[in-house]
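Engineer: File follows, model-v8.cif with mmCIF, C-alpha atoms and all ligand atoms:
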```
data_my_file
#
loop_
_atom_site.label_atom_id
_atom_site.label_comp_id
_atom_site.auth_asym_id
_atom_site.auth_seq_id
_atom_site.Cartn_x
_atom_site.Cartn_y
_atom_site.Cartn_z
CA MET D 1 -5.64 -9.19 12.39
CA ALA D 2 -1.95 -9.38 11.55
CA ARG D 3 -0.38 -12.62 12.68
CA HIS D 4 2.89 -10.69 12.94
CA SER D 5 3.78 -7.40 14.45
CA VAL D 6 4.27 -5.14 11.44
CA THR D 7 6.19 -1.88 11.75
CA LEU D 8 6.33 0.81 9.10
CA ARG D 9 9.36 3.05 8.80
CA ARG D 10 10.55 5.50 6.20
CA ILE D 11 12.17 3.71 3.26
CA GLU D 12 15.98 3.76 2.98
CA PHE D 13 18.14 3.09 -0.05
CA ALA D 14 19.53 -0.07 1.57
CA ASP D 15 16.00 -1.54 1.35
CA TRP D 16 16.32 -1.95 -2.42
CA ARG D 17 17.52 -5.57 -2.19
CA ALA D 18 14.54 -6.59 -0.07
CA VAL D 19 12.18 -4.70 -2.39
CA HIS D 20 13.78 -6.40 -5.37
CA SER D 21 13.23 -9.83 -3.80
CA TRP D 22 9.50 -9.46 -4.47
CA ALA D 23 9.37 -6.73 -7.18
CA SER D 24 11.25 -9.15 -9.46
CA LEU D 25 8.55 -11.86 -9.16
CA PRO D 26 5.90 -12.21 -11.88
CA GLN D 27 3.09 -13.02 -9.41
CA VAL D 28 3.64 -9.72 -7.59
CA CYS D 29 3.50 -7.62 -10.78
CA ARG D 30 0.73 -9.58 -12.45
CA PHE D 31 -1.79 -6.73 -12.31
CA GLN D 32 0.69 -3.85 -12.44
CA SER D 33 2.08 -1.81 -15.32
CA TRP D 34 5.61 -2.19 -13.85
CA GLY D 35 7.87 -5.18 -13.40
CA PRO D 36 9.04 -7.82 -13.00
CA ASN D 37 11.87 -5.46 -12.08
CA THR D 38 15.50 -5.75 -13.01
CA GLU D 39 17.91 -4.89 -10.18
CA GLU D 40 18.47 -1.52 -11.80
CA GLU D 41 14.73 -0.81 -11.86
CA SER D 42 14.35 -1.73 -8.18
CA ARG D 43 17.30 0.47 -7.24
CA ALA D 44 15.89 3.37 -9.27
CA PHE D 45 12.44 2.96 -7.71
CA VAL D 46 13.84 2.95 -4.16
CA ALA D 47 16.18 5.87 -4.87
CA THR D 48 13.25 7.98 -6.11
CA ALA D 49 11.11 6.93 -3.14
CA VAL D 50 13.88 7.94 -0.72
CA GLU D 51 14.39 11.29 -2.49
CA ALA D 52 10.68 12.02 -2.25
CA TRP D 53 11.07 12.40 1.53
CA ALA D 54 13.15 15.53 0.91
CA HIS D 55 10.63 17.22 -1.39
CA SER D 56 8.73 20.23 -0.18
CA PRO D 57 5.82 20.03 -0.24
CA GLN D 58 6.14 16.27 0.19
CA ARG D 59 3.76 14.29 -2.02
CA ARG D 60 5.02 10.70 -1.68
CA PHE D 61 5.44 8.95 1.67
CA VAL D 62 6.97 5.53 1.03
CA TYR D 63 7.45 3.14 3.95
CA ALA D 64 9.19 -0.19 4.37
CA ALA D 65 7.20 -2.75 6.35
CA HIS D 66 9.21 -4.78 8.86
CA VAL D 67 8.33 -8.08 10.43
CA GLU D 68 10.83 -9.20 13.04
CA GLY D 69 13.48 -6.89 11.63
CA GLU D 70 13.04 -8.06 8.05
CA VAL D 71 11.60 -5.87 5.28
CA VAL D 72 8.71 -7.83 3.74
CA GLY D 73 6.57 -5.12 2.19
CA LEU D 74 6.16 -1.57 1.00
CA GLY D 75 3.41 0.96 1.48
CA GLU D 76 2.97 4.34 -0.14
CA LEU D 77 0.72 7.25 0.65
CA HIS D 78 0.61 9.65 -2.30
CA ILE D 79 -0.93 13.09 -1.85
CA ARG D 80 -2.91 13.59 -5.04
CA SER D 81 -4.50 16.99 -4.36
CA ARG D 82 -5.55 19.16 -1.43
CA HIS D 83 -6.67 16.82 1.39
CA GLN D 84 -6.83 13.84 -1.01
CA GLY D 85 -4.51 10.85 -0.95
CA GLU D 86 -4.01 7.43 -2.53
CA ILE D 87 -2.50 4.32 -0.96
CA THR D 88 -0.66 1.46 -2.64
CA TYR D 89 1.22 -1.50 -1.19
CA SER D 90 3.04 -4.71 -2.03
CA VAL D 91 4.14 -7.68 0.07
CA HIS D 92 6.57 -10.55 -0.43
CA PRO D 93 4.52 -13.64 -1.45
CA ARG D 94 6.33 -15.61 1.25
CA VAL D 95 4.08 -13.89 3.81
CA TRP D 96 0.89 -13.34 1.80
CA GLY D 97 -2.30 -14.10 3.69
CA GLN D 98 -0.81 -13.31 7.11
CA GLY D 99 -2.23 -9.82 7.57
CA VAL D 100 0.82 -7.84 6.45
CA GLY D 101 -0.95 -6.03 3.57
CA THR D 102 -3.80 -5.02 5.88
CA ALA D 103 -1.36 -3.81 8.56
CA ILE D 104 0.45 -1.68 5.97
CA GLY D 105 -2.87 -0.20 4.82
CA LYS D 106 -3.87 0.63 8.40
CA GLY D 107 -0.55 2.36 9.01
CA LEU D 108 -0.96 4.44 5.84
CA LEU D 109 -4.50 5.50 6.78
CA ALA D 110 -3.31 6.46 10.26
CA ARG D 111 -0.59 8.59 8.72
CA GLY D 112 -2.93 10.21 6.20
CA PHE D 113 -5.86 10.95 8.49
CA GLY D 114 -4.19 11.14 11.90
CA HIS D 115 -1.19 13.23 10.90
CA LEU D 116 -1.56 14.73 7.42
CA GLU D 117 -5.17 15.86 7.89
CA LEU D 118 -6.43 14.27 4.69
CA HIS D 119 -10.17 14.17 4.05
CA ARG D 120 -10.40 11.26 1.60
CA ILE D 121 -8.03 8.41 0.77
CA HIS D 122 -8.61 6.16 -2.21
CA ALA D 123 -7.05 3.03 -3.66
CA THR D 124 -7.50 1.09 -6.88
CA CYS D 125 -6.99 -2.50 -7.91
CA ASP D 126 -7.44 -4.74 -10.91
CA PRO D 127 -10.81 -6.56 -10.70
CA ARG D 128 -8.90 -9.87 -10.74
CA ASN D 129 -6.76 -8.84 -7.77
CA LEU D 130 -9.02 -10.39 -5.15
CA GLY D 131 -6.40 -10.26 -2.39
CA SER D 132 -5.98 -6.52 -2.77
CA ALA D 133 -9.75 -5.92 -2.91
CA ARG D 134 -10.06 -7.95 0.29
CA VAL D 135 -7.40 -5.79 1.99
CA LEU D 136 -9.27 -2.62 0.99
CA GLY D 137 -12.51 -4.06 2.36
CA LYS D 138 -10.81 -4.97 5.65
CA LEU D 139 -9.56 -1.38 5.89
CA GLY D 140 -13.18 -0.22 5.88
CA MET D 141 -12.99 1.31 2.42
CA THR D 142 -16.11 1.62 0.29
CA TRP D 143 -16.23 0.33 -3.28
CA GLU D 144 -17.12 3.29 -5.53
CA GLY D 145 -17.13 1.63 -8.94
CA ARG D 146 -14.98 0.43 -11.78
CA HIS D 147 -12.96 2.65 -14.08
CA ARG D 148 -12.47 1.08 -17.49
CA HIS D 149 -9.13 0.55 -19.23
CA THR D 150 -7.03 2.61 -16.85
CA ALA D 151 -3.71 0.90 -17.55
CA LEU D 152 -2.08 -1.08 -20.33
CA ILE D 153 -0.40 -4.11 -18.76
CA ARG D 154 1.22 -7.24 -20.18
CA ASP D 155 -2.06 -8.98 -21.05
CA GLY D 156 -3.89 -5.91 -22.36
CA TRP D 157 -5.95 -3.05 -20.97
CA ARG D 158 -6.98 -3.47 -17.35
CA ASP D 159 -9.85 -1.93 -15.44
CA SER D 160 -9.54 -0.49 -11.92
CA GLU D 161 -11.88 -0.97 -9.00
CA VAL D 162 -11.96 2.25 -6.98
CA PHE D 163 -12.30 2.19 -3.18
CA SER D 164 -12.22 5.10 -0.73
CA ILE D 165 -12.57 6.02 2.90
CA LEU D 166 -13.35 9.43 4.41
CA GLU D 167 -11.73 10.81 7.53
CA ASP D 168 -14.86 10.55 9.71
CA GLU D 169 -15.45 6.95 8.58
CA TRP D 170 -11.89 6.08 9.54
CA ARG D 171 -12.25 7.73 12.96
CA GLU D 172 -15.42 5.75 13.58
CA ILE D 173 -13.55 2.51 12.87
CA GLU D 174 -10.41 3.39 14.80
CA GLY D 175 -12.12 5.13 17.72
CA PRO D 176 -11.25 8.34 19.51
CA ARG D 177 -7.84 7.06 20.66
CA ILE D 178 -6.41 7.87 17.23
CA GLY D 179 -5.28 11.41 16.66
CA PRO D 180 -2.08 13.33 16.83
CA GLY D 181 0.23 11.00 18.70
CA GLY D 182 -1.81 7.89 17.82
CA PRO D 183 -0.58 4.91 15.82
CA ASN D 184 1.73 6.18 13.15
CA PRO D 185 4.53 4.88 11.01
CA THR D 186 7.88 6.15 12.21
CA ALA D 187 8.73 9.00 9.89
C1 LIG U 201 -2.42 -7.52 -2.28
C2 LIG U 201 -1.37 -7.89 -1.25
C3 LIG U 201 -0.61 -6.65 -0.82
C4 LIG U 201 -2.06 -8.51 -0.04
O1 LIG U 201 -1.07 -8.71 0.97
P1 LIG U 201 -1.31 -9.75 2.15
O2 LIG U 201 -0.23 -9.55 3.14
O3 LIG U 201 -1.52 -11.10 1.61
O4 LIG U 201 -2.70 -9.17 2.75
P2 LIG U 201 -3.53 -9.70 4.02
O5 LIG U 201 -2.97 -10.98 4.50
O6 LIG U 201 -3.61 -8.57 4.98
O7 LIG U 201 -4.99 -9.90 3.43
C5 LIG U 201 -5.20 -10.61 2.23
C6 LIG U 201 -6.63 -11.10 2.22
O8 LIG U 201 -6.97 -11.44 0.87
C7 LIG U 201 -7.44 -12.78 0.88
N1 LIG U 201 -7.11 -13.33 -0.44
C8 LIG U 201 -5.91 -13.51 -0.98
N2 LIG U 201 -6.04 -14.05 -2.21
C9 LIG U 201 -7.36 -14.17 -2.44
C10 LIG U 201 -8.14 -14.66 -3.51
N3 LIG U 201 -7.56 -15.12 -4.62
N4 LIG U 201 -9.49 -14.63 -3.40
C11 LIG U 201 -10.08 -14.14 -2.28
N5 LIG U 201 -9.39 -13.67 -1.22
C12 LIG U 201 -8.06 -13.69 -1.31
C13 LIG U 201 -6.72 -13.44 2.03
O9 LIG U 201 -7.37 -14.62 2.44
C14 LIG U 201 -6.82 -12.34 3.07
O10 LIG U 201 -8.11 -12.22 3.61
P3 LIG U 201 -8.48 -12.79 5.08
O11 LIG U 201 -7.55 -12.13 6.05
O12 LIG U 201 -9.89 -12.43 5.27
O13 LIG U 201 -8.25 -14.29 5.00
C15 LIG U 201 -0.36 -8.92 -1.82
O14 LIG U 201 -1.06 -10.00 -2.35
C16 LIG U 201 0.56 -8.34 -2.89
O15 LIG U 201 1.60 -7.79 -2.59
N6 LIG U 201 0.14 -8.50 -4.15
C17 LIG U 201 0.96 -8.01 -5.26
C18 LIG U 201 1.00 -6.49 -5.33
C19 LIG U 201 -0.39 -5.91 -5.37
O16 LIG U 201 -1.27 -6.43 -6.03
N7 LIG U 201 -0.55 -4.80 -4.67
C20 LIG U 201 -1.80 -4.11 -4.61
C21 LIG U 201 -1.89 -3.15 -5.72
S1 LIG U 201 -3.61 -2.79 -6.06
#
```
Show me this structure written as structure tokens.
Ligand SMILES: CC(C)(COP(=O)(O)OP(=O)(O)OC[C@H]1O[C@@H](n2cnc3c(N)ncnc32)[C@H](O)[C@@H]1OP(=O)(O)O)[C@@H](O)C(=O)NCCC(=O)NCCS
Structural biologist:
Amino acid sequence: MARHSVTLRRIEFADWRAVHSWASLPQVCRFQSWGPNTEEESRAFVATAVEAWAHSPQRRFVYAAHVEGEVVGLGELHIRSRHQGEITYSVHPRVWGQGVGTAIGKGLLARGFGHLELHRIHATCDPRNLGSARVLGKLGMTWEGRHRHTALIRDGWRDSEVFSILEDEWREIEGPRIGPGGPNPTA
């Protein structure tokens, strides 16, 4: 349960400074192939994420996560193929462990299943990224297995744990109240 009220809204270019405040930190990028970002890299990332909202068909849905009016995280739903999506997220370490990552994940699943009619949503994480694996478990995702050497990062090749959730599993967790008009990031 989030200790804060977390709101997701479509990312804007002005969010780049907030994004940079955590994307520039080594502990945030430890298991990622990107970062720590320079200011230019954070600006370029946010600019591309904003532009993606204008693409048709739209594949990337990137949201800024607000807590009390402050942007403290990012969530992305990426449409990978017909009815299949992937979620990713990052949170400022200042608020780690307070339910923000889980709230972002829930908002992304609601968008993907409740509004984009996806059938399956998956996510991956480095086996050492225990916080992220915990978030995926709390979202009700099922661990499917480990893909070997999926990315070359600073300390060598990393593996990826693969988790997924199907639309009917999500509806069972969220209950019948979710559907068109149910909880949804503002978009
Ligand atoms: C992964 C991440 C988004 C989690 O965000 P968060 O706001 O801390 O997430 P939550 O508070 O909702 O949940 C984190 C859970 O992981 C647990 N956790 C954190 N570190 C842990 C560790 N080393 N071992 C075990 N559990 C851990 C927390 O206790 C919490 O579980 P709980 O609610 O049962 O106590 C955040 O750590 C982050 O931004 N990491 C860097 C980017 C990243 O790795 N993104 C994911 C890409 S796969």
Engineer: Residues within 7 Å of ligand LIG 201 (chain U) should be enumerated using all atoms listed in the file and returned as a PyMOL selection string.
Structural biologist: chain D and resi 2+27-29+31+88-93+95-103+124-126+129-132+134-135
Engineer: What does the distance between atom CA of Val162 of chain D and atom CA of Leu116 of chain D come to in Å, to one decimal place?
Structural biologist: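 It comes out at 21.7 Å.
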Engineer: Using only C-alpha atoms, which residue out of D:Arg30, D:Arg10, D:Arg80, D:Arg17 lies closest to Arg120 of chain D?
Structural biologist: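 Among the listed residues, D:Arg80 lies closest to Arg120 of chain D.
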Engineer: Looking at all atoms listed in the file, which of D:Trp34, D:Trp16, D:Trp170, D:Trp53 is the one that sits closest to Gly114 of chain D?
Structural biologist: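 Of all the options, D:Trp170 lies closest to Gly114 of chain D.
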Engineer: Select, counting all atoms listed in the file, all protein, DNA and RNA residues no farther than 10 Å from (-9.3, 0.5, 3.4) in file coordinates, and express the selection as an mmCIF file with C-alpha atoms, in the frame of the given file.
Structural biologist:
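Listed below is the output, part_11.cif:
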```cif
data_model
loop_
_atom_site.group_PDB
_atom_site.id
_atom_site.type_symbol
_atom_site.label_atom_id
_atom_site.label_comp_id
_atom_site.auth_asym_id
_atom_site.auth_seq_id
_atom_site.Cartn_x
_atom_site.Cartn_y
_atom_site.Cartn_z
ATOM 1 C CA ILE D 87 -2.500 4.320 -0.960
ATOM 2 C CA THR D 102 -3.800 -5.020 5.880
ATOM 3 C CA GLY D 105 -2.870 -0.200 4.820
ATOM 4 C CA LYS D 106 -3.870 0.630 8.400
ATOM 5 C CA LEU D 108 -0.960 4.440 5.840
ATOM 6 C CA LEU D 109 -4.500 5.500 6.780
ATOM 7 C CA ILE D 121 -8.030 8.410 0.770
ATOM 8 C CA HIS D 122 -8.610 6.160 -2.210
ATOM 9 C CA ALA D 123 -7.050 3.030 -3.660
ATOM 10 C CA SER D 132 -5.980 -6.520 -2.770
ATOM 11 C CA ALA D 133 -9.750 -5.920 -2.910
ATOM 12 C CA ARG D 134 -10.060 -7.950 0.290
ATOM 13 C CA VAL D 135 -7.400 -5.790 1.990
ATOM 14 C CA LEU D 136 -9.270 -2.620 0.990
ATOM 15 C CA GLY D 137 -12.510 -4.060 2.360
ATOM 16 C CA LYS D 138 -10.810 -4.970 5.650
ATOM 17 C CA LEU D 139 -9.560 -1.380 5.890
ATOM 18 C CA GLY D 140 -13.180 -0.220 5.880
ATOM 19 C CA MET D 141 -12.990 1.310 2.420
ATOM 20 C CA THR D 142 -16.110 1.620 0.290
ATOM 21 C CA TRP D 143 -16.230 0.330 -3.280
ATOM 22 C CA PHE D 163 -12.300 2.190 -3.180
ATOM 23 C CA SER D 164 -12.220 5.100 -0.730
ATOM 24 C CA ILE D 165 -12.570 6.020 2.900
ATOM 25 C CA LEU D 166 -13.350 9.430 4.410
ATOM 26 C CA TRP D 170 -11.890 6.080 9.540
#
```
Engineer: So which one's closest to Pro127 of chain D, D:Gly85, D:Gly112, D:Gly145, D:Pro36? Using only C-alpha atoms, please.
Structural biologist: D:Gly145
Engineer: Quick one: distance from atom CA of Tyr63 of chain D to atom CA of Arg158 of chain D in Å, one decimal?
Structural biologist: 26.6 Å
Engineer: With 10 Å as the threshold, what does the neighbourhood of (7.3, -4.3, 0.9) contain in terms of residues, counting all atoms listed in the file? Coordinates are those of the file; answer as a CSV table (one decimal) with C-alpha atoms, in the frame of the given file.
Structural biologist:
```
chain,number,residue,atom,x,y,z
D,8,LEU,CA,6.3,0.8,9.1
D,11,ILE,CA,12.2,3.7,3.3
D,15,ASP,CA,16.0,-1.5,1.4
D,16,TRP,CA,16.3,-2.0,-2.4
D,18,ALA,CA,14.5,-6.6,-0.1
D,19,VAL,CA,12.2,-4.7,-2.4
D,20,HIS,CA,13.8,-6.4,-5.4
D,21,SER,CA,13.2,-9.8,-3.8
D,22,TRP,CA,9.5,-9.5,-4.5
D,23,ALA,CA,9.4,-6.7,-7.2
D,62,VAL,CA,7.0,5.5,1.0
D,63,TYR,CA,7.4,3.1,4.0
D,64,ALA,CA,9.2,-0.2,4.4
D,65,ALA,CA,7.2,-2.8,6.4
D,66,HIS,CA,9.2,-4.8,8.9
D,70,GLU,CA,13.0,-8.1,8.0
D,71,VAL,CA,11.6,-5.9,5.3
D,72,VAL,CA,8.7,-7.8,3.7
D,73,GLY,CA,6.6,-5.1,2.2
D,74,LEU,CA,6.2,-1.6,1.0
D,75,GLY,CA,3.4,1.0,1.5
D,76,GLU,CA,3.0,4.3,-0.1
D,89,TYR,CA,1.2,-1.5,-1.2
D,90,SER,CA,3.0,-4.7,-2.0
D,91,VAL,CA,4.1,-7.7,0.1
D,92,HIS,CA,6.6,-10.6,-0.4
D,100,VAL,CA,0.8,-7.8,6.4
D,101,GLY,CA,-1.0,-6.0,3.6
D,104,ILE,CA,0.4,-1.7,6.0
```
Engineer: So the first atom is atom CA of Leu152 of chain D and the second is atom CA of Thr48 of chain D; what is the distance between them in Å, to one decimal place?
Structural biologist: 22.8 Å
Engineer: Neighbours of Ala44 of chain D within 10 Å (only C-alpha atoms; same-chain residues fewer than 5 positions away dropped), as number ranges by chain?
Structural biologist: D: 13, 16, 38-39, 49-50
Engineer: For the selection just defined, write its residues with C-alpha atoms to a file, as a compact mmCIF listing (two decimals), in the coordinates of the input.
Structural biologist:
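Final file, selection_10.txt:
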```txt
# COMPACT_ATOMS: atom_id res chain seq x y z
CA PHE D 13 18.14 3.09 -0.05
CA TRP D 16 16.32 -1.95 -2.42
CA THR D 38 15.50 -5.75 -13.01
CA GLU D 39 17.91 -4.89 -10.18
CA ALA D 49 11.11 6.93 -3.14
CA VAL D 50 13.88 7.94 -0.72
```
Engineer: I need the residue nearest Glu117 of chain D from this list: D:Ala54, D:Glu144, D:Trp157, D:Asp168. Use only C-alpha atoms for the distance.
Structural biologist: D:Asp168
